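*Asks:* File name start.cif; file contents mmCIF, C-alpha atoms; full text below.
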data_protein
loop_
_atom_site.label_atom_id
_atom_site.label_comp_id
_atom_site.auth_asym_id
_atom_site.auth_seq_id
_atom_site.Cartn_x
_atom_site.Cartn_y
_atom_site.Cartn_z
CA MET V 266 104.87 101.47 62.65
CA VAL V 267 105.55 104.42 60.39
CA LEU V 268 108.19 106.93 61.37
CA SER V 269 105.79 109.87 61.13
CA GLY V 270 103.89 108.60 64.14
CA ILE V 271 106.79 108.06 66.51
CA VAL V 272 107.10 111.46 68.18
CA ILE V 273 103.33 111.52 68.58
CA MET V 274 103.48 108.18 70.37
CA LEU V 275 106.06 109.48 72.83
CA PHE V 276 103.36 111.45 74.56
CA LEU V 277 100.22 109.64 73.39
CA THR V 278 97.75 109.96 76.23
CA LEU V 279 94.27 108.62 76.71
CA ALA V 280 94.46 108.31 80.46
CA SER V 281 93.19 110.46 83.28
CA PRO V 282 95.40 111.66 86.15
CA PRO V 283 95.16 110.05 89.56
CA ALA V 284 91.77 110.75 91.19
CA VAL V 285 93.15 111.23 94.66
CA PHE V 286 90.77 113.87 95.96
CA GLY V 287 87.47 112.27 95.00
CA GLY V 288 84.22 114.00 94.20
CA GLU V 289 84.05 117.10 92.07
CA ALA V 290 86.92 118.84 93.86
CA SER V 291 89.51 116.58 92.22
CA PRO V 292 92.10 116.94 89.48
CA SER V 293 90.56 114.04 87.55
CA VAL V 294 87.24 115.86 87.25
CA HIS V 295 88.91 119.19 86.53
CA TRP V 296 90.92 117.57 83.74
CA GLN V 297 88.11 115.88 81.81
CA ARG V 298 89.00 116.46 78.16
CA PRO V 299 88.49 118.07 75.81
CA VAL V 300 88.15 120.91 78.32
CA LYS V 301 84.84 122.72 78.06
CA THR V 302 85.09 126.38 78.98
CA GLY V 303 81.36 127.08 78.60
CA SER V 304 80.17 130.55 77.76
CA TYR V 305 82.83 132.41 79.74
CA GLY V 306 83.53 135.56 77.72
CA ALA V 307 82.96 133.56 74.52
CA VAL V 308 86.20 132.71 72.70
CA ASP V 309 87.61 136.25 72.96
CA GLY V 310 87.52 136.02 76.74
CA ILE V 311 89.80 132.99 76.92
CA TYR V 312 92.60 134.20 74.68
CA PRO V 313 95.75 134.55 76.84
CA GLU V 314 96.01 138.15 75.64
CA SER V 315 92.61 138.86 77.19
CA CYS V 316 93.78 137.51 80.54
CA ALA V 317 96.91 139.67 80.27
CA VAL V 318 94.83 142.82 80.70
CA CYS V 319 94.66 142.12 84.44
CA HIS V 320 97.24 139.37 84.86
CA ARG V 321 100.20 140.81 82.98
CA ALA V 322 102.93 139.30 85.14
CA GLN V 323 101.52 135.79 84.79
CA TYR V 324 101.06 136.29 81.06
CA ASP V 325 104.64 137.50 80.57
CA ASP V 326 105.98 134.47 82.46
CA TRP V 327 103.78 132.09 80.47
CA LYS V 328 104.72 133.69 77.15
CA GLY V 329 108.35 132.74 77.70
CA ALA V 330 107.53 129.21 78.84
CA LEU V 331 107.19 126.07 76.75
CA HIS V 332 103.50 125.81 77.68
CA SER V 333 102.86 128.70 75.29
CA LYS V 334 104.69 126.80 72.54
CA SER V 335 103.06 123.39 72.95
CA VAL V 336 101.43 123.69 69.52
CA GLY V 337 104.63 124.29 67.60
CA PRO V 338 105.89 123.31 64.15
CA GLY V 339 107.26 119.97 65.36
CA LEU V 340 103.78 118.88 66.40
CA LEU V 341 101.94 120.44 63.47
CA ALA V 342 104.28 118.77 60.98
CA GLN V 343 102.92 115.39 62.04
CA LEU V 344 99.19 116.07 62.29
CA ASP V 345 96.35 115.96 59.76
CA PRO V 346 93.20 116.43 61.88
CA GLU V 347 90.82 115.80 58.99
CA LYS V 348 92.44 112.60 57.69
CA ASP V 349 93.53 111.25 61.09
CA PRO V 350 91.45 112.94 63.81
CA GLU V 351 92.16 110.20 66.34
CA THR V 352 95.90 110.92 66.37
CA ALA V 353 95.36 114.67 66.40
CA LEU V 354 92.96 114.53 69.35
CA SER V 355 95.30 112.25 71.30
CA CYS V 356 98.04 114.89 70.95
CA TYR V 357 95.73 117.80 71.69
CA TYR V 358 94.79 116.03 74.93
CA CYS V 359 97.84 117.71 76.48
CA HIS V 360 99.16 120.10 73.82
CA ALA V 361 95.84 121.88 73.17
CA PRO V 362 93.29 120.59 75.71
CA LEU V 363 90.45 123.07 75.16
CA ALA V 364 87.48 121.88 73.11
CA ALA V 365 87.69 125.03 70.98
CA GLN V 366 91.30 124.17 70.10
CA ASN V 367 90.32 120.94 68.34
CA GLU V 368 89.41 120.97 64.64
CA MET V 369 87.42 117.76 65.03
CA ILE V 370 85.17 116.34 67.72
CA VAL V 371 83.92 112.86 68.54
CA ASP V 372 80.41 112.54 67.16
CA GLU V 373 78.16 109.49 67.46
CA GLY V 374 81.03 107.04 67.37
CA GLY V 375 82.85 108.91 64.63
CA TYR V 376 84.33 112.34 64.04
CA ALA V 377 82.86 115.60 62.82
CA ALA V 378 84.05 119.15 62.19
CA ASN V 379 84.08 121.26 65.36
CA VAL V 380 81.99 124.38 64.73
CA SER V 381 83.54 126.08 67.79
CA PHE V 382 87.14 125.56 66.61
CA ASP V 383 89.34 128.66 66.84
CA GLU V 384 92.74 128.67 65.11
CA ARG V 385 94.14 131.53 67.17
CA LEU V 386 93.20 129.77 70.39
CA LYS V 387 94.76 126.53 69.16
CA SER V 388 98.08 128.25 68.48
CA SER V 389 98.21 129.49 72.09
CA GLY V 390 98.89 125.94 73.27
CA VAL V 391 98.46 125.38 76.99
CA GLY V 392 97.18 128.84 77.79
CA CYS V 393 95.47 130.36 80.82
CA ALA V 394 92.06 128.82 80.14
CA ALA V 395 93.53 125.33 79.86
CA CYS V 396 94.10 125.31 83.62
CA HIS V 397 91.80 128.01 84.91
CA VAL V 398 88.46 128.07 83.00
CA ARG V 399 85.79 125.39 83.29
CA GLU V 400 82.15 125.57 82.20
CA GLY V 401 81.91 129.34 82.47
CA GLY V 402 83.83 129.63 85.75
CA VAL V 403 87.35 130.73 86.60
CA PHE V 404 89.31 128.45 88.92
CA GLY V 405 92.54 129.03 90.79
CA PRO V 406 94.43 128.38 94.04
CA ARG V 407 93.42 129.85 97.34
CA GLY V 408 94.83 133.18 98.41
CA PRO V 409 97.88 133.49 100.67
CA GLU V 410 97.68 131.60 103.96
CA GLY V 411 94.42 129.95 102.93
CA ASN V 412 92.59 133.23 102.47
CA LYS V 413 89.76 132.80 99.97
CA GLY V 414 90.46 136.24 98.56
CA SER V 415 87.85 138.49 96.98
CA PRO V 416 86.31 138.07 93.53
CA ARG V 417 87.69 140.37 90.86
CA ALA V 418 85.33 142.77 89.17
CA HIS V 419 85.59 141.03 85.81
CA HIS V 420 84.99 137.47 87.03
CA ALA V 421 84.23 135.40 90.10
CA SER V 422 87.08 133.10 91.11
CA ILE V 423 86.58 129.60 92.50
CA GLN V 424 89.42 128.54 94.80
CA SER V 425 90.63 124.94 94.81
CA ASP V 426 93.42 123.41 96.86
CA PHE V 427 94.52 120.99 94.16
CA PHE V 428 96.13 123.77 92.09
CA GLU V 429 99.10 123.52 94.42
CA ARG V 430 99.28 119.73 94.50
CA ALA V 431 101.50 117.58 92.29
CA GLU V 432 98.45 115.61 91.17
CA PHE V 433 97.35 118.64 89.17
CA CYS V 434 100.48 118.37 87.00
CA ALA V 435 100.03 114.60 86.60
CA ALA V 436 97.29 115.31 84.07
CA CYS V 437 99.98 115.61 81.40
CA HIS V 438 103.14 114.45 83.14
CA GLN V 439 102.04 110.93 84.04
CA LEU V 440 100.59 108.81 81.26
CA ASP V 441 99.76 105.50 82.92
CA GLN V 442 98.17 104.16 79.74
CA GLY V 443 100.79 105.66 77.47
CA TYR V 444 103.51 103.93 75.49
CA GLU V 445 105.86 101.57 77.34
CA LEU V 446 109.33 100.44 76.34
CA ASN V 447 111.41 97.85 78.15
CA GLY V 448 108.67 97.67 80.78
CA LYS V 449 108.85 101.40 81.56
CA LEU V 450 106.50 104.23 80.66
CA LEU V 451 107.91 106.98 78.49
CA VAL V 452 106.08 109.61 80.55
CA ASN V 453 106.40 108.68 84.21
CA THR V 454 107.40 111.92 85.95
CA PHE V 455 104.65 112.01 88.58
CA THR V 456 105.44 108.47 89.74
CA GLU V 457 109.17 109.27 89.83
CA TRP V 458 108.31 112.21 92.08
CA LYS V 459 105.87 110.24 94.21
CA GLU V 460 108.40 107.50 94.93
CA SER V 461 111.14 109.99 95.83
CA GLU V 462 111.76 111.81 99.10
CA TYR V 463 110.05 114.84 97.54
CA GLY V 464 106.81 112.94 97.07
CA LYS V 465 107.02 111.34 100.49
CA SER V 466 107.61 114.77 102.03
CA ASN V 467 104.88 116.36 99.87
CA VAL V 468 107.14 118.86 98.13
CA PRO V 469 105.04 119.42 94.99
CA CYS V 470 106.10 120.18 91.41
CA GLN V 471 104.88 123.77 91.77
CA SER V 472 107.43 124.56 94.49
CA CYS V 473 110.24 124.36 91.90
CA HIS V 474 108.53 124.94 88.57
CA MET V 475 106.20 127.72 89.77
CA PRO V 476 108.11 129.42 92.60
CA GLY V 477 106.04 132.13 94.24
CA ARG V 478 103.18 131.06 91.96
CA ARG V 479 105.00 132.45 88.95
CA HIS V 480 104.04 130.84 85.64
CA LEU V 481 107.61 130.11 84.54
CA PHE V 482 107.40 126.31 84.18
CA ARG V 483 111.17 126.12 83.83
CA GLY V 484 112.75 122.75 83.20
CA ILE V 485 115.69 121.16 81.43
CA HIS V 486 115.83 123.88 78.77
CA ASP V 487 116.87 126.38 81.45
CA PRO V 488 120.54 126.09 82.54
CA GLU V 489 120.06 127.89 85.87
CA MET V 490 117.09 125.68 86.73
CA VAL V 491 119.15 122.56 86.07
CA LYS V 492 122.15 123.88 88.01
CA SER V 493 119.92 124.42 91.03
CA GLY V 494 119.16 120.70 91.16
CA ILE V 495 122.53 119.14 90.28
CA LYS V 496 125.75 118.94 92.30
CA PHE V 497 129.20 118.42 90.75
CA GLU V 498 132.26 117.01 92.56
CA VAL V 499 135.72 116.45 91.12
CA GLU V 500 138.15 114.04 92.75
CA ARG V 501 141.70 114.43 91.46
CA ALA V 502 144.75 112.21 91.50
CA ASP V 503 147.84 112.03 89.25
CA ALA V 504 150.27 109.24 89.92
CA GLY V 505 152.66 106.94 88.10
CA GLY V 506 152.67 109.02 84.94
CA ARG V 507 148.90 108.71 84.57
CA VAL V 508 146.15 111.33 84.71
CA GLY V 509 143.38 110.13 86.97
CA ALA V 510 140.25 111.98 88.00
CA LYS V 511 136.59 111.40 88.63
CA LEU V 512 133.56 113.63 88.09
CA ARG V 513 130.60 112.80 90.28
CA ILE V 514 127.21 114.22 89.25
CA THR V 515 124.51 114.04 91.92
CA ASN V 516 120.80 114.59 91.52
CA SER V 517 120.67 116.71 94.65
CA GLY V 518 117.57 118.79 94.03
CA VAL V 519 115.57 117.46 91.08
CA GLY V 520 112.30 115.97 92.30
CA HIS V 521 112.35 113.19 89.69
CA TYR V 522 114.84 111.39 87.46
CA PHE V 523 117.43 113.54 85.72
CA PRO V 524 116.43 113.79 82.96
CA THR V 525 112.88 112.49 83.24
CA TYR V 526 111.94 112.08 79.55
CA VAL V 527 113.52 110.23 76.61
CA THR V 528 113.87 113.42 74.60
CA PRO V 529 116.93 115.02 76.34
CA LEU V 530 120.47 113.71 76.45
CA VAL V 531 123.32 114.82 78.73
CA ILE V 532 126.87 114.26 77.47
CA VAL V 533 129.78 114.19 79.93
CA LYS V 534 133.23 114.85 78.46
CA GLY V 535 136.78 114.64 79.68
CA PHE V 536 139.86 115.62 77.64
CA LEU V 537 143.39 116.97 77.93
CA THR V 538 144.78 120.20 76.51
CA ASP V 539 148.26 121.62 76.06
CA SER V 540 149.42 124.92 77.59
CA LYS V 541 147.77 126.83 74.73
CA GLY V 542 144.39 125.21 75.24
CA LYS V 543 144.54 122.91 72.23
CA VAL V 544 142.79 119.57 72.71
CA LEU V 545 145.27 116.70 72.52
CA LYS V 546 144.33 114.03 70.02
CA GLY V 547 143.12 110.75 71.44
CA THR V 548 142.38 112.13 74.92
CA LEU V 549 138.62 112.73 74.58
CA LYS V 550 136.40 110.38 76.59
CA GLU V 551 132.60 110.63 76.81
CA LYS V 552 129.67 109.14 78.67
CA MET V 553 125.97 109.86 78.36
CA ILE V 554 123.21 110.44 80.89
CA GLY V 555 119.68 109.88 79.70
CA ARG V 556 117.24 107.34 78.39
CA LYS V 557 118.08 106.94 74.73
CA VAL V 558 115.66 105.05 72.51
CA ALA V 559 115.64 104.03 68.86
CA LEU V 560 113.81 106.37 66.48
CA ASP V 561 111.13 103.78 65.83
CA LEU V 562 110.79 103.10 69.57
CA SER V 563 111.64 99.46 68.93
CA LYS V 564 114.18 99.31 71.74
CA GLU V 565 115.78 101.17 74.59
CA LEU V 566 119.46 101.75 73.83
CA PHE V 567 120.38 102.64 77.40
CA ASP V 568 118.98 104.22 80.55
CA THR V 569 121.57 105.97 82.69
CA ARG V 570 119.29 108.60 84.23
CA ILE V 571 119.96 109.68 87.80
CA PRO V 572 117.19 109.12 90.39
CA PRO V 573 116.75 111.71 93.16
CA PHE V 574 119.71 111.79 95.57
CA ARG V 575 121.69 109.28 93.52
CA SER V 576 124.90 109.90 91.60
CA PHE V 577 126.50 109.23 88.24
CA GLU V 578 130.29 108.81 88.14
CA PHE V 579 132.55 109.55 85.20
CA ALA V 580 136.06 108.22 85.74
CA TYR V 581 138.85 109.61 83.57
CA GLY V 582 142.14 107.72 83.35
CA LEU V 583 144.88 108.06 80.75
CA ARG V 584 148.66 107.85 80.53
CA ARG V 585 149.84 111.44 80.57
CA PRO V 586 150.98 112.77 77.15
CA ALA V 587 154.14 114.87 77.15
CA LYS V 588 152.33 118.09 76.20
CA ALA V 589 149.39 117.65 78.56
CA ASP V 590 148.82 120.72 80.74
CA ARG V 591 145.20 120.58 81.85
CA LEU V 592 142.35 118.14 82.27
CA ILE V 593 138.96 119.54 81.26
CA PHE V 594 135.59 118.21 82.37
CA GLU V 595 132.48 119.42 80.52
CA VAL V 596 128.80 118.55 80.86
CA TRP V 597 126.58 119.40 77.90
CA VAL V 598 122.78 119.28 77.93
CA PHE V 599 120.80 118.69 74.74
CA PRO V 600 117.14 119.05 75.79
CA ASP V 601 115.76 118.03 72.38
CA GLU V 602 118.22 115.35 71.26
CA PHE V 603 115.54 112.83 70.26
CA TYR V 604 113.63 115.46 68.31
CA ASP V 605 116.82 116.47 66.49
CA ARG V 606 117.36 112.90 65.34
CA PHE V 607 113.72 112.44 64.45
CA PHE V 608 113.33 115.68 62.46
CA GLU V 609 116.63 115.19 60.63
CA ASN V 610 115.66 111.65 59.67
CA ALA V 611 112.20 112.66 58.45
CA LEU V 612 113.63 115.50 56.37
CA LYS V 613 116.24 113.22 54.86
CA ARG V 614 113.59 110.69 53.91
CA ARG V 615 111.18 113.38 52.71
CA ASP V 616 108.48 111.55 54.61
CA PRO V 617 105.26 112.15 52.60
CA ALA V 618 103.16 111.91 55.74
CA MET V 619 104.84 114.98 57.22
CA LYS V 620 105.01 118.67 56.36
CA MET V 621 108.55 119.57 55.33
CA GLU V 622 108.35 123.32 55.95
CA GLU V 623 107.18 122.83 59.53
CA LEU V 624 109.84 120.17 60.09
CA GLU V 625 112.60 122.52 58.95
CA GLU V 626 111.33 125.23 61.28
CA ALA V 627 111.13 122.79 64.18
CA LEU V 628 114.67 121.55 63.61
CA LYS V 629 116.03 125.10 63.69
CA THR V 630 114.62 125.44 67.19
CA THR V 631 115.59 122.07 68.63
CA SER V 632 119.09 121.99 67.13
CA GLY V 633 119.94 125.24 68.92
CA SER V 634 118.69 124.28 72.36
CA GLY V 635 121.86 122.61 73.64
CA TYR V 636 124.10 124.33 76.21
CA LEU V 637 127.19 123.87 78.36
CA LEU V 638 126.01 123.17 81.90
CA PHE V 639 129.33 122.66 83.68
CA LYS V 640 133.04 123.10 82.98
CA ARG V 641 136.01 122.49 85.28
CA GLU V 642 139.68 122.92 84.34
CA VAL V 643 142.19 121.01 86.42
CA SER V 644 145.88 121.90 86.24
CA LEU V 645 147.92 118.71 86.01
CA GLU V 646 150.75 120.38 87.90
CA GLU V 647 148.48 121.09 90.82
CA MET V 648 146.84 117.68 90.92
CA SER V 649 147.19 116.06 94.29
CA SER V 650 145.09 114.13 96.78
CA THR V 651 141.40 114.98 96.52
CA ALA V 652 139.49 118.19 95.97
CA LYS V 653 135.81 118.72 95.78
CA GLY V 654 133.79 121.50 94.14
#
Translate the structure described by the file into structure tokens.
*Replies:*
Amino acid sequence: MVLSGIVIMLFLTLASPPAVFGGEASPSVHWQRPVKTGSYGAVDGIYPESCAVCHRAQYDDWKGALHSKSVGPGLLAQLDPEKDPETALSCYYCHAPLAAQNEMIVDEGGYAANVSFDERLKSSGVGCAACHVREGGVFGPRGPEGNKGSPRAHHASIQSDFFERAEFCAACHQLDQGYELNGKLLVNTFTEWKESEYGKSNVPCQSCHMPGRRHLFRGIHDPEMVKSGIKFEVERADAGGRVGAKLRITNSGVGHYFPTYVTPLVIVKGFLTDSKGKVLKGTLKEKMIGRKVALDLSKELFDTRIPPFRSFEFAYGLRRPAKADRLIFEVWVFPDEFYDRFFENALKRRDPAMKMEELEEALKTTSGSGYLLFKREVSLEEMSSTAKG
């Protein structure tokens, strides 16, 4: 397996989402790909900017979301649609699902140039039409309280209940025929949700990722989103000349594993400082939360992710240094840790199968996505019994 194909394989998808509704009113039918938009407004009519004329709020939300960036430099660095159309189309299945976004099409058992291909549309990634336009029609959820609503002057709207069901998101967030490692799928978010209390109680993905039907699609890259689903508790005790404390991290509101993919990594730190805030040498301890895999996907290094309503405990114990004044707990989130390693490695090797300029641009983005999620300072003088926060 060549390195240049690894990131592509992470989300390789040739499967359809669960066909739970049956008939034509089902996500599986809606998500037949490549998506054919028909003659609706020709290509100009399905540019996100065209939709923004009447749907500005939705457009503004989408523009700041990762859906609008799904065809970014990290993906483009790895693809050569003319030389390897099979790989390109497998990636476009989720990253650019419209037929007009694909340079090549399947033709009589082979591949041929797509005469309807539009570069501008391709660069829009998962835009409005990817979810809402099919064969000349515009689809969307029903109006408030089940009201069918009235057609807009510029198009007729077809209401479908499945837009507000988790199965709709499974089209790209559950790859049942995707790559497996250590007996586990790399993209298994829908099943994680379905097996949790959220799935059993029918609390869909949209309730958190599209609150009030906003097109925000916030996830692990958004600190406030993550904070809303994670609970932190610190138990403190200092006895016998030793510093002892425990940080408990609970997946209290994430509807799937935290984190769900192999790309992020969460690093939990504990260390001591003196009265001036200087870190004391030899006091740093770390643990990691995530599913870390080798760059070539040959093995799973560890899987310490937190299932819904379960906890991860980080125990800190150390003989107290003379200058120790405070114990610090920090939790750092690196949403693109795997991509960082992958891009850095490919650049170092000058992989001839990849585009260096795009790789450098991608690395600039991913290497700056990390953030401090949680920090708690505990005064060693005040340590006693147990405190929670």
*Asks:* Neighbours of His486 (chain V) within 12 Å (all atoms listed in the file; same-chain residues fewer than 4 positions away dropped), as a VMD selection string?
*Replies:* chain V and resid 329 to 331 481 to 482 490 to 492 524 528 to 531 597 to 602 630 to 631 633 to 638
*Asks:* With distances taken over all atoms listed in the file, which of V:Leu549, V:Ile554, V:Ile571, V:Ala364 is nearest to Glu457 (chain V)?
*Replies:* V:Ile571
*Asks:* So how many Å separate CA of Gly375 (chain V) and CA of Pro299 (chain V), to one decimal?
*Replies:*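 These atoms are spaced 15.5 Å apart.
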*Asks:* So how far away is CA of Gly555 (chain V) from CA of Asp568 (chain V), in Å?
*Replies:*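 Separating CA of Asp568 (chain V) from CA of Gly555 (chain V) is a distance of 5.8 Å.
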*Asks:* Pick out the closest residue to Asn453 (chain V) from this set: V:Ser389, V:Thr525, V:Ser381, V:Thr515. Count all atoms listed in the file.
*Replies:* V:Thr525
*Asks:* Report as JSON, numbers by chain the full result of the PyMOL selection byres ((chain V and resi 328) around 10) when it is applied to this structure.
*Replies:* {"V": [313, 314, 322, 323, 324, 325, 326, 327, 329, 330, 331, 332, 333, 334, 389, 392, 480, 481]}
*Asks:* Could you tell me which of V:Arg507, V:Arg591, V:His474, V:Lys552 comes closest to Phe567 (chain V) if we count all atoms listed in the file?
*Replies:*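 Comparing V:Arg507, V:Arg591, V:His474, V:Lys552 against Phe567 (chain V), the winner is V:Lys552.
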*Asks:* Of the candidates V:Lys613, V:Phe536, V:Thr454, V:Ala587, which one gets nearest to Phe523 (chain V) if we count all atoms listed in the file?
*Replies:*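 Residue with the minimum atom-to-atom distance to Phe523 (chain V): V:Thr454.
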*Asks:* When the PyMOL selection byres ((chain V and resi 621) around 12) is applied to the structure above, which residues does it catch, written out as a count of residues only?
*Replies:* 26
*Asks:* Might you pull out every residue within 12 Å of Cys434 (chain V), with all atoms listed in the file counted and same-chain residues fewer than 6 positions away left off, and present them as number ranges by chain?
*Replies:* V: 281-283, 292-293, 295-296, 359, 396, 427-428, 440, 453-456, 458, 469-472, 474-475, 482
*Asks:* Give me a file of those residues, with C-alpha atoms, as a short mmCIF file (atom, residue, chain, number, x, y, z; two decimals), keeping the file's coordinate frame.
*Replies:*
data_model
loop_
_atom_site.label_atom_id
_atom_site.label_comp_id
_atom_site.auth_asym_id
_atom_site.auth_seq_id
_atom_site.Cartn_x
_atom_site.Cartn_y
_atom_site.Cartn_z
CA SER V 281 93.19 110.46 83.28
CA PRO V 282 95.40 111.66 86.15
CA PRO V 283 95.16 110.05 89.56
CA PRO V 292 92.10 116.94 89.48
CA SER V 293 90.56 114.04 87.55
CA HIS V 295 88.91 119.19 86.53
CA TRP V 296 90.92 117.57 83.74
CA CYS V 359 97.84 117.71 76.48
CA CYS V 396 94.10 125.31 83.62
CA PHE V 427 94.52 120.99 94.16
CA PHE V 428 96.13 123.77 92.09
CA LEU V 440 100.59 108.81 81.26
CA ASN V 453 106.40 108.68 84.21
CA THR V 454 107.40 111.92 85.95
CA PHE V 455 104.65 112.01 88.58
CA THR V 456 105.44 108.47 89.74
CA TRP V 458 108.31 112.21 92.08
CA PRO V 469 105.04 119.42 94.99
CA CYS V 470 106.10 120.18 91.41
CA GLN V 471 104.88 123.77 91.77
CA SER V 472 107.43 124.56 94.49
CA HIS V 474 108.53 124.94 88.57
CA MET V 475 106.20 127.72 89.77
CA PHE V 482 107.40 126.31 84.18
#
*Asks:* Because the input lacks atoms here, generate N, CA and C atoms for region 453-473 of chain V and report them as a PDB file, in the coordinates of the input.
*Replies:*
ATOM      1  N   ASN V 453     106.591 109.263  82.890  1.00  0.00           N
ATOM      2  CA  ASN V 453     106.400 108.680  84.210  1.00  0.00           C
ATOM      3  C   ASN V 453     106.835 109.638  85.321  1.00  0.00           C
ATOM      4  N   THR V 454     106.816 110.929  85.046  1.00  0.00           N
ATOM      5  CA  THR V 454     107.400 111.920  85.950  1.00  0.00           C
ATOM      6  C   THR V 454     106.700 111.976  87.306  1.00  0.00           C
ATOM      7  N   PHE V 455     105.374 111.928  87.312  1.00  0.00           N
ATOM      8  CA  PHE V 455     104.650 112.010  88.580  1.00  0.00           C
ATOM      9  C   PHE V 455     105.013 110.839  89.499  1.00  0.00           C
ATOM     10  N   THR V 456     105.087 109.635  88.924  1.00  0.00           N
ATOM     11  CA  THR V 456     105.440 108.470  89.740  1.00  0.00           C
ATOM     12  C   THR V 456     106.874 108.562  90.238  1.00  0.00           C
ATOM     13  N   GLU V 457     107.784 109.063  89.393  1.00  0.00           N
ATOM     14  CA  GLU V 457     109.170 109.270  89.830  1.00  0.00           C
ATOM     15  C   GLU V 457     109.200 110.202  91.032  1.00  0.00           C
ATOM     16  N   TRP V 458     108.399 111.266  90.963  1.00  0.00           N
ATOM     17  CA  TRP V 458     108.310 112.210  92.080  1.00  0.00           C
ATOM     18  C   TRP V 458     107.701 111.551  93.307  1.00  0.00           C
ATOM     19  N   LYS V 459     106.608 110.840  93.097  1.00  0.00           N
ATOM     20  CA  LYS V 459     105.870 110.240  94.210  1.00  0.00           C
ATOM     21  C   LYS V 459     106.707 109.236  94.990  1.00  0.00           C
ATOM     22  N   GLU V 460     107.579 108.524  94.289  1.00  0.00           N
ATOM     23  CA  GLU V 460     108.400 107.500  94.930  1.00  0.00           C
ATOM     24  C   GLU V 460     109.678 108.072  95.541  1.00  0.00           C
ATOM     25  N   SER V 461     109.927 109.359  95.305  1.00  0.00           N
ATOM     26  CA  SER V 461     111.140 109.990  95.830  1.00  0.00           C
ATOM     27  C   SER V 461     110.869 110.611  97.204  1.00  0.00           C
ATOM     28  N   GLU V 462     111.918 111.131  97.821  1.00  0.00           N
ATOM     29  CA  GLU V 462     111.760 111.810  99.100  1.00  0.00           C
ATOM     30  C   GLU V 462     110.889 113.062  98.961  1.00  0.00           C
ATOM     31  N   TYR V 463     110.871 113.648  97.762  1.00  0.00           N
ATOM     32  CA  TYR V 463     110.050 114.840  97.540  1.00  0.00           C
ATOM     33  C   TYR V 463     108.568 114.490  97.632  1.00  0.00           C
ATOM     34  N   GLY V 464     108.194 113.372  97.007  1.00  0.00           N
ATOM     35  CA  GLY V 464     106.810 112.940  97.070  1.00  0.00           C
ATOM     36  C   GLY V 464     106.415 112.525  98.474  1.00  0.00           C
ATOM     37  N   LYS V 465     107.300 111.812  99.136  1.00  0.00           N
ATOM     38  CA  LYS V 465     107.020 111.340 100.490  1.00  0.00           C
ATOM     39  C   LYS V 465     106.926 112.502 101.479  1.00  0.00           C
ATOM     40  N   SER V 466     107.636 113.586 101.169  1.00  0.00           N
ATOM     41  CA  SER V 466     107.610 114.770 102.030  1.00  0.00           C
ATOM     42  C   SER V 466     106.610 115.815 101.528  1.00  0.00           C
ATOM     43  N   ASN V 467     105.895 115.481 100.459  1.00  0.00           N
ATOM     44  CA  ASN V 467     104.880 116.360  99.870  1.00  0.00           C
ATOM     45  C   ASN V 467     105.459 117.709  99.448  1.00  0.00           C
ATOM     46  N   VAL V 468     106.578 117.660  98.756  1.00  0.00           N
ATOM     47  CA  VAL V 468     107.140 118.860  98.130  1.00  0.00           C
ATOM     48  C   VAL V 468     106.688 118.822  96.677  1.00  0.00           C
ATOM     49  N   PRO V 469     105.658 119.581  96.303  1.00  0.00           N
ATOM     50  CA  PRO V 469     105.040 119.420  94.990  1.00  0.00           C
ATOM     51  C   PRO V 469     105.839 120.023  93.839  1.00  0.00           C
ATOM     52  N   CYS V 470     105.442 119.671  92.628  1.00  0.00           N
ATOM     53  CA  CYS V 470     106.100 120.180  91.410  1.00  0.00           C
ATOM     54  C   CYS V 470     106.134 121.701  91.407  1.00  0.00           C
ATOM     55  N   GLN V 471     105.028 122.317  91.848  1.00  0.00           N
ATOM     56  CA  GLN V 471     104.880 123.770  91.770  1.00  0.00           C
ATOM     57  C   GLN V 471     105.944 124.500  92.587  1.00  0.00           C
ATOM     58  N   SER V 472     106.461 123.873  93.632  1.00  0.00           N
ATOM     59  CA  SER V 472     107.430 124.560  94.490  1.00  0.00           C
ATOM     60  C   SER V 472     108.708 124.896  93.725  1.00  0.00           C
ATOM     61  N   CYS V 473     109.057 124.094  92.712  1.00  0.00           N
ATOM     62  CA  CYS V 473     110.240 124.360  91.900  1.00  0.00           C
ATOM     63  C   CYS V 473     109.905 124.986  90.555  1.00  0.00           C
TER      64      CYS V 473
END
